[in-house]
Amino acid sequence: MVERVDSDRSGLRLEMTGVCKRFGATVALDDVGIELAAGRVLALVGENGAGKSTLMKVLSGAIKPDAGQMRLDGEPYRPANPLEARRAGVAMIYQELSLTPHLSVEENIMLGMEPATLGVIHRKEVRRRAIEAISRFDNPELTPDARVGRLSVGSQQLVEIARALAIGCRVLVLDEPTSSLTQQDVDRLFEIIGRLKRQGKAIVYISHFIEEVKRVADTVTVLRDGRVAGGSDVASISADEIISLMVGRQVEDLYPRSPRRAGEVVLEVKDLAGVSKPTSASLKLHRGEVLGIAGLIGAGRTELLRSIFGLDPVRTGQIKLGLYTGPASPARRWMQGAGILSEDRKEEGLALALSISDNVTLSRLTGFGPLGFVLPGRQDKAARRWIDKLGIRCRSPRQSVLSLSGGNQQRVALARLLQHDVDVLLLDEPTRGIDVAAKAMIYKLIDELAGGQSPKAVLMVSSYLPELLGVCDRVAVMCRGRLGPTRKIEDIDEHSLMLEATGQTLETRGGEASV
Amino acid sequence: MTEDQLISAQSAIFEPTWKRWLNTLGPLLALLLVYGIFAAIAPPSFTTWRNLETIARQTTIVGMAALGMTLVIISGGIDLSVGSIVALSTAVIATLLQRAGAGPIAAAAGGVAAGALCGLVSGALITSLRVVSFIVTLGMMLIVRGTAKAIGKEQKIDVDVERLKWLDELMASLPRERSWMLLPVGVWLLIMMAIVVAVLLRYTRLGRHIFAIGSNEETARLCGVAVWRVKVIVFMLGGAFAGLAGLMQFSRLTVGDPTVAVGLELDVIAAVVIGGGSLSGGEGSILGTLVGALIMTVIASGCTQMKVPNYWQEIITGGIIIVAVALDRLRHRRSA
C-alpha cells in the first residue's frame, strides 16, 4: 500500500456521531460524537471508566457499537475487525505495545504485510520501506536491524508508530503514550506528533495528564460516564475547567472531611525492602488518620502494601502491626486486625464467580453456625447488612459478583474489610475504574472510618493526586522503590507531588525510565 | 444513583426465578430425559426395580470415586491417578486379607488408607513443587499402578472365600431375605458419603474455602486461606474416596487385581463434568456429579438391554459429555 497523499486538509478526517454501546446492564457509551480534521490533534480526556477506551475500541473495530455512525474522509467507515480498520487507515498505539521483541525493527514494521512473491519476501523492498518510515524520527537508536526487545520503551513506541505510518495510516490513536516514558522521550514524542500533524495526519491523543493535553492538542473532548461532558479548542479552556468537566462536580463536595484526631501508632514500617521492590520504605501510621502513598505506576507502592500484608516476601526491614512484630502470613494479618483491598479486583480482589455473601465473609468464616458449621443463611444476613450500608445494587446476596458493575464490585471488596472489622485498612487504588457515585461513597466511607468514636487507620495508595489530597491527612511519595518522607497535605500540592513522583528533584531531572 | 446502576437494578428484578432453578436442575432433567427415552424404546425389563437396582450398583464405583473428584475439580485441580488408586486399593485389601490375616474391617480400612496416602503424596507434590495437578497426578497414575503391580507381583491376588466374610456382599444383588434393605450396602454407603460430602461443601469452612480456591486462588490467598493446606486435604480426600471405590471394586471381584480400572479416571471426570463441574474450578455439586454418573450407567444399561452394540454406548456417552459442557458454557455466556 502506498502512503496516501493528504491533499484535502480542510475537510473532516474522522467523524463519529451518536455512538452508543452497552455491556449487559452497563452503559459504556451514550450518544458520543467526536470530530477531527486532518493535521489536527484531538485530546480525549476523562477519568477511568469514562468510556475513552470503549470509544477507541469502536473506532478500531475491536467492538461493534449498538448505534452510531463513523465517517472517514467523508466516506462511511464500518470496520468489522481491527484488521479492516488498519487497512482503512486507522492505527492504534496502545499503552501495552504489541511488538514482537525477538524480531528486528524492520521485521516488526512490516510484520503481516511483507511484500512477497510466492511467499518469498522482497528484502530490499522491506528495508526501503522500513527506512522510509523510521527516517522521520531522527533517532540514532532506530536502525532496521536492531532487535526490538533491546530498545528503550520510548524507541519501541516509535517502532510502533513507524508501523502505523508504513501502512499509510490516516488516523493515529495514541492511548496514554507517555505513561511509561522518560521526560526526554516525552519531549521527543511531542516533536514527532508535531511533525506528523504537519504531514496531515489526524491524531487522537488519550491522556490523564491535562498539562500534556494543553501542550500537544488542538481540541479537547471530555468524556464522563460514557457521555461527552464538553469540548472546545484547547486555547480557550483552562486546565481547571477541563478537570471540572471530567469530575462533573465541585471538588469539595466529593471529599468530606470530619474532624480527625490522630491516636497511637498502629503500623510501623522501618527500612522495609522486598525482593525487587520496595527498596527502602519507612512509615508510621496512626489510628485516626489516612496516610496516602503517591507515585507512578511501577514505583513499588503495591509491592509495599503486599509485603506489609505478607503477600510478597520481605527481604529486610521491620514491620510492627499493633503489638505484633515481624512479617506474617495474610491469615495472621487478618487475625492481627489488618485487611487489604487489592488494586486488581478482577484478578485478585474478588472471586468473581462466587456470591456476594461468600466474597464478603471469606476472610473470616466463623460465627455463622453451631459447631463450626457455616450456614449460608447467616452469611447472607451478614452480607445484607453491608449491601444496605454501602448501597450495593443487587437482587440478592447470593448473586455472583461477576454480574455487578465495577463500582458495586468494589463495594463488595470493601465490605469484606468492614465485615472483618479490621483496625488497619490497606487500600490499593480503592477507586480505580469505578463510577463517580461509587467514588463519592468510598471517600465518605474512608472519612467515617478515620473519624468517629472508634477510629481506624487507613493506608491508601492512589495514582490520582486530587483524591489523595482530598482524602488523606498525610502523603508520602514513592519513586523507584523508595518511599519518601511523609508530609502533611497543607504543605504539598499536586505539582510538588508529581515532581517528586517522577524523580525530578533538581539534580536528577530527566533521569532513567521509571518502569 | 447513576444510570448504569438504575439499569442493573431493573434487570435484576426482571430476571426470572425459574431460570435459576433450571440451571441447578439441568443435569437432573437430562437424566430423566435419557431414562424416559429408554423406558419408551427399550424392552419392559428396563423399567423393573431389579434393573434400577442394577443401575444403582453399577454406578457405585464411579460414583464413589467421583465424590472425591468433585472436591478436586471444584478446587481447580484434577486427579488422573484415580483408576490406579482403585487397583492399588484392591491389591492392598486382598494382601491384607490373604497374607496378613487381617479382618475385613482392617483390610477395608487399609485399602482406603492406601488411597488417602496416594492423594496426600499428590497434594504435597503439587503444592511444594508448584507443578500443576494434571502433571503430578499423571505421574502418580503410573507410580501407583506400578506399586499395585509390585504388591501383586504382576498377578491377581486371590482371597480364600472364608476370609472374605461380608466383604463380597457390599455390591452383590440383595438376597430375598434382606430385600427390606431395598439397595445393597455399597449403594447405601455411597448415598451416605454423598450426603456427608455435600454437607462438607456447603456448610463448612473447608467447603467454602475449596470453592474460593477454585474460583480465584489469589483471592483466597488474599483473604488468608491456607491454600496449600486445603489443596493437600482435597487431594487426600480424593484419594480416600478412590480407595473406597477400590473397596467396592474388590467386593465385586473378590480378588485384588492390579490391572483393574484402567481409564476409570476418565469416567469419573466425565461424571463430574456432566454434572456441571467446571475444569477451571469453582463450580460443581455432589448432586450433579451423582446424576452425571447415573446418566452414563443408564445409557449403558439401556443400550445393553436393547442389544445395541457396545460401541454405540461409547459414542453416545462421548456426545453427551460434549453437549453437556457446551450447554453449560452457553448458560454462562448468557448470565455473564
# chains A, B, ... in the order shown; residues from 1 in each chain; ligands from 1
>>> residues_around(residues="A:Gly230", least_positions_apart="4", cutoff="7 Å", atoms="only C-alpha atoms", output="PyMOL selection string")
chain A and resi 221-222+245
>>> write_last_selection(atoms="N, CA and C atoms", output="PDB file, in the first residue's frame")
ATOM      1  N   THR A 221     -11.885  16.878  23.855  1.00  0.00           N
ATOM      2  CA  THR A 221     -13.226  16.389  24.143  1.00  0.00           C
ATOM      3  C   THR A 221     -13.160  15.650  25.473  1.00  0.00           C
ATOM      4  N   VAL A 222     -14.059  16.026  26.393  1.00  0.00           N
ATOM      5  CA  VAL A 222     -14.051  15.407  27.716  1.00  0.00           C
ATOM      6  C   VAL A 222     -15.201  14.405  27.805  1.00  0.00           C
ATOM      7  N   LEU A 245     -14.978  19.479  34.216  1.00  0.00           N
ATOM      8  CA  LEU A 245     -15.796  18.715  33.264  1.00  0.00           C
ATOM      9  C   LEU A 245     -15.609  17.216  33.491  1.00  0.00           C
TER      10      LEU A 245
END
>>> interface_residues(of="chain A", to="chain B", cutoff="6 Å", atoms="only C-alpha atoms", output="PyMOL selection string")
chain A and resi 25-27+330-331+348-351+363+373-375+395
>>> write_last_selection(atoms="C-alpha atoms", output="mmCIF file, in the first residue's frame")
data_model
loop_
_atom_site.group_PDB
_atom_site.id
_atom_site.type_symbol
_atom_site.label_atom_id
_atom_site.label_comp_id
_atom_site.auth_asym_id
_atom_site.auth_seq_id
_atom_site.Cartn_x
_atom_site.Cartn_y
_atom_site.Cartn_z
ATOM 1 C CA ALA A 25 -26.599 -3.549 32.206
ATOM 2 C CA THR A 26 -23.751 -1.062 31.951
ATOM 3 C CA VAL A 27 -23.997 1.829 29.512
ATOM 4 C CA PRO A 330 -2.024 -12.988 55.212
ATOM 5 C CA ALA A 331 -4.043 -15.254 57.530
ATOM 6 C CA GLU A 348 -7.148 -10.898 42.895
ATOM 7 C CA GLY A 349 -9.589 -8.924 44.992
ATOM 8 C CA LEU A 350 -12.740 -10.904 44.343
ATOM 9 C CA ALA A 351 -13.704 -14.447 43.456
ATOM 10 C CA SER A 363 -11.641 -13.853 55.260
ATOM 11 C CA PHE A 373 -20.603 -25.062 60.501
ATOM 12 C CA VAL A 374 -21.123 -22.248 58.032
ATOM 13 C CA LEU A 375 -24.790 -21.683 57.348
ATOM 14 C CA ARG A 395 -31.021 -8.710 43.578
#
>>> select_by_dssp(residues="stretch 114-169 of chain A", states="strand (DSSP E)", output="list in words")
Ala116, Thr117, Val120 and Ile121 of chain A
>>> atom_distance(atom1="atom CA of A:Val424", atom2="atom CA of A:Leu283")
13.8 Å
>>> select_by_dssp(residues="stretch 223-256 of chain B", states="alpha helix (DSSP H)", output="list in words")
Val227, Trp228, Arg229, Val230, Lys231, Val232, Ile233, Val234, Phe235, Met236, Leu237, Gly238, Gly239, Ala240, Phe241, Ala242, Gly243, Leu244, Ala245, Gly246, Leu247, Met248, Gln249, Phe250, Ser251, Arg252 and Leu253 of chain B
>>> write_last_selection(atoms="C-alpha atoms", output="tab-separated table (two decimals), in the first residue's frame")
chain	number	residue	atom	x	y	z
B	227	VAL	CA	-4.27	-22.53	50.18
B	228	TRP	CA	-1.67	-25.29	50.29
B	229	ARG	CA	-3.27	-26.98	53.29
B	230	VAL	CA	-6.70	-27.00	51.71
B	231	LYS	CA	-5.28	-28.42	48.48
B	232	VAL	CA	-3.47	-31.24	50.30
B	233	ILE	CA	-6.65	-32.09	52.21
B	234	VAL	CA	-8.68	-32.08	49.00
B	235	PHE	CA	-6.32	-34.46	47.19
B	236	MET	CA	-6.17	-36.67	50.27
B	237	LEU	CA	-9.94	-36.89	50.37
B	238	GLY	CA	-9.93	-37.54	46.63
B	239	GLY	CA	-7.52	-40.43	47.18
B	240	ALA	CA	-9.52	-41.76	50.11
B	241	PHE	CA	-12.72	-41.87	48.04
B	242	ALA	CA	-10.83	-43.58	45.22
B	243	GLY	CA	-9.67	-46.10	47.85
B	244	LEU	CA	-13.29	-46.58	48.91
B	245	ALA	CA	-14.20	-47.10	45.26
B	246	GLY	CA	-11.44	-49.73	45.29
B	247	LEU	CA	-13.20	-51.44	48.20
B	248	MET	CA	-16.36	-51.61	46.08
B	249	GLN	CA	-14.37	-52.93	43.17
B	250	PHE	CA	-12.84	-55.59	45.39
B	251	SER	CA	-16.23	-56.55	46.70
B	252	ARG	CA	-17.40	-57.14	43.15
B	253	LEU	CA	-14.35	-59.13	42.02
>>> residues_around(residues="A:Val471", least_positions_apart="3", cutoff="8 Å", atoms="only C-alpha atoms", output="list in words")
Tyr255, Pro256, Arg257, Val290, Tyr443, Ile446, Asp447, Glu467 and Leu468 of chain A
>>> residues_around(residues="stretch 104-117 of chain A", least_positions_apart="3", cutoff="8 Å", atoms="only C-alpha atoms", output="PDB file with C-alpha atoms, in the first residue's frame")
ATOM      1  CA  LEU A  99       5.677  -5.715  19.174  1.00  0.00           C
ATOM      2  CA  THR A 100       7.499  -8.995  18.818  1.00  0.00           C
ATOM      3  CA  PRO A 101      10.640  -8.441  20.894  1.00  0.00           C
ATOM      4  CA  VAL A 120       9.439 -15.121  -0.733  1.00  0.00           C
ATOM      5  CA  ILE A 121       9.946 -11.762   0.921  1.00  0.00           C
ATOM      6  CA  HIS A 122      11.489  -8.935  -1.085  1.00  0.00           C
ATOM      7  CA  GLU A 125      11.711  -3.515  -0.527  1.00  0.00           C
ATOM      8  CA  VAL A 126      11.165  -4.280   3.167  1.00  0.00           C
ATOM      9  CA  ARG A 127      14.307  -2.400   4.039  1.00  0.00           C
ATOM     10  CA  ALA A 130      11.201   0.493   6.878  1.00  0.00           C
ATOM     11  CA  ILE A 131      13.909   3.090   6.430  1.00  0.00           C
ATOM     12  CA  LEU A 142      16.416   3.065  15.466  1.00  0.00           C
ATOM     13  CA  THR A 143      18.228   1.038  12.821  1.00  0.00           C
ATOM     14  CA  PRO A 144      16.448  -1.509  10.628  1.00  0.00           C
ATOM     15  CA  ASP A 145      18.448  -4.401  12.084  1.00  0.00           C
ATOM     16  CA  ALA A 146      18.149  -3.559  15.778  1.00  0.00           C
ATOM     17  CA  ARG A 147      16.344  -6.126  17.946  1.00  0.00           C
ATOM     18  CA  VAL A 148      13.187  -4.502  19.233  1.00  0.00           C
ATOM     19  CA  VAL A 159       8.708   1.470  16.053  1.00  0.00           C
ATOM     20  CA  GLU A 160       5.033   1.009  16.606  1.00  0.00           C
ATOM     21  CA  ALA A 162       6.541   3.669  12.243  1.00  0.00           C
ATOM     22  CA  ARG A 163       4.500   0.536  11.634  1.00  0.00           C
ATOM     23  CA  ALA A 166       4.176   2.270   6.880  1.00  0.00           C
TER      24      ALA A 166
END
>>> atom_distance(atom1="atom CA of A:Leu362", atom2="atom CA of B:Val273")
25.9 Å
>>> residues_around(residues="stretch 183-188 of chain B", least_positions_apart="3", cutoff="7 Å", atoms="only C-alpha atoms", output="MDAnalysis selection string")
chainID B and resid 53 56:57 60 170:174 191:192 248
>>> residues_around(residues="B:Ser278", least_positions_apart="4", cutoff="9 Å", atoms="only C-alpha atoms", output="list in words")
Ile73, Ile74, Gly76, Val272, Val273, Gly282, Glu283, Gly284, Val325 and Asp328 of chain B
>>> write_last_selection(atoms="N, CA and C atoms", output="PDB file, in the first residue's frame")
ATOM      1  N   ILE B  73     -11.966 -31.167  41.555  1.00  0.00           N
ATOM      2  CA  ILE B  73     -12.268 -30.317  40.405  1.00  0.00           C
ATOM      3  C   ILE B  73     -12.798 -28.953  40.852  1.00  0.00           C
ATOM      4  N   ILE B  74     -13.616 -28.926  41.898  1.00  0.00           N
ATOM      5  CA  ILE B  74     -14.100 -27.624  42.382  1.00  0.00           C
ATOM      6  C   ILE B  74     -12.923 -26.768  42.837  1.00  0.00           C
ATOM      7  N   GLY B  76     -10.236 -26.556  41.518  1.00  0.00           N
ATOM      8  CA  GLY B  76      -9.456 -26.135  40.360  1.00  0.00           C
ATOM      9  C   GLY B  76      -8.395 -27.141  39.938  1.00  0.00           C
ATOM     10  N   VAL B 272     -18.340 -35.896  36.774  1.00  0.00           N
ATOM     11  CA  VAL B 272     -18.310 -34.571  37.411  1.00  0.00           C
ATOM     12  C   VAL B 272     -18.661 -33.490  36.400  1.00  0.00           C
ATOM     13  N   VAL B 273     -18.124 -33.628  35.212  1.00  0.00           N
ATOM     14  CA  VAL B 273     -18.306 -32.583  34.199  1.00  0.00           C
ATOM     15  C   VAL B 273     -19.744 -32.564  33.678  1.00  0.00           C
ATOM     16  N   GLY B 282     -14.123 -23.910  40.855  1.00  0.00           N
ATOM     17  CA  GLY B 282     -15.124 -23.030  41.435  1.00  0.00           C
ATOM     18  C   GLY B 282     -16.559 -23.459  41.236  1.00  0.00           C
ATOM     19  N   GLU B 283     -16.766 -24.508  40.452  1.00  0.00           N
ATOM     20  CA  GLU B 283     -18.132 -24.936  40.189  1.00  0.00           C
ATOM     21  C   GLU B 283     -18.238 -26.439  40.268  1.00  0.00           C
ATOM     22  N   GLY B 284     -19.411 -26.898  40.652  1.00  0.00           N
ATOM     23  CA  GLY B 284     -19.660 -28.324  40.724  1.00  0.00           C
ATOM     24  C   GLY B 284     -20.521 -28.618  41.927  1.00  0.00           C
ATOM     25  N   VAL B 325     -21.298 -30.020  28.404  1.00  0.00           N
ATOM     26  CA  VAL B 325     -20.396 -28.906  28.700  1.00  0.00           C
ATOM     27  C   VAL B 325     -20.715 -27.707  27.805  1.00  0.00           C
ATOM     28  N   ASP B 328     -23.562 -25.912  29.199  1.00  0.00           N
ATOM     29  CA  ASP B 328     -23.134 -25.220  30.389  1.00  0.00           C
ATOM     30  C   ASP B 328     -22.454 -23.890  30.032  1.00  0.00           C
TER      31      ASP B 328
END
>>> atom_distance(atom1="atom CA of A:Ser396", atom2="atom CA of A:Leu354")
12.6 Å
>>> residues_around(residues="stretch 484-498 of chain A", least_positions_apart="6", cutoff="12 Å", atoms="only C-alpha atoms", output="ChimeraX atom specification")
/A:209,211,271,278-285,289-296,299,301,463-478,504-505
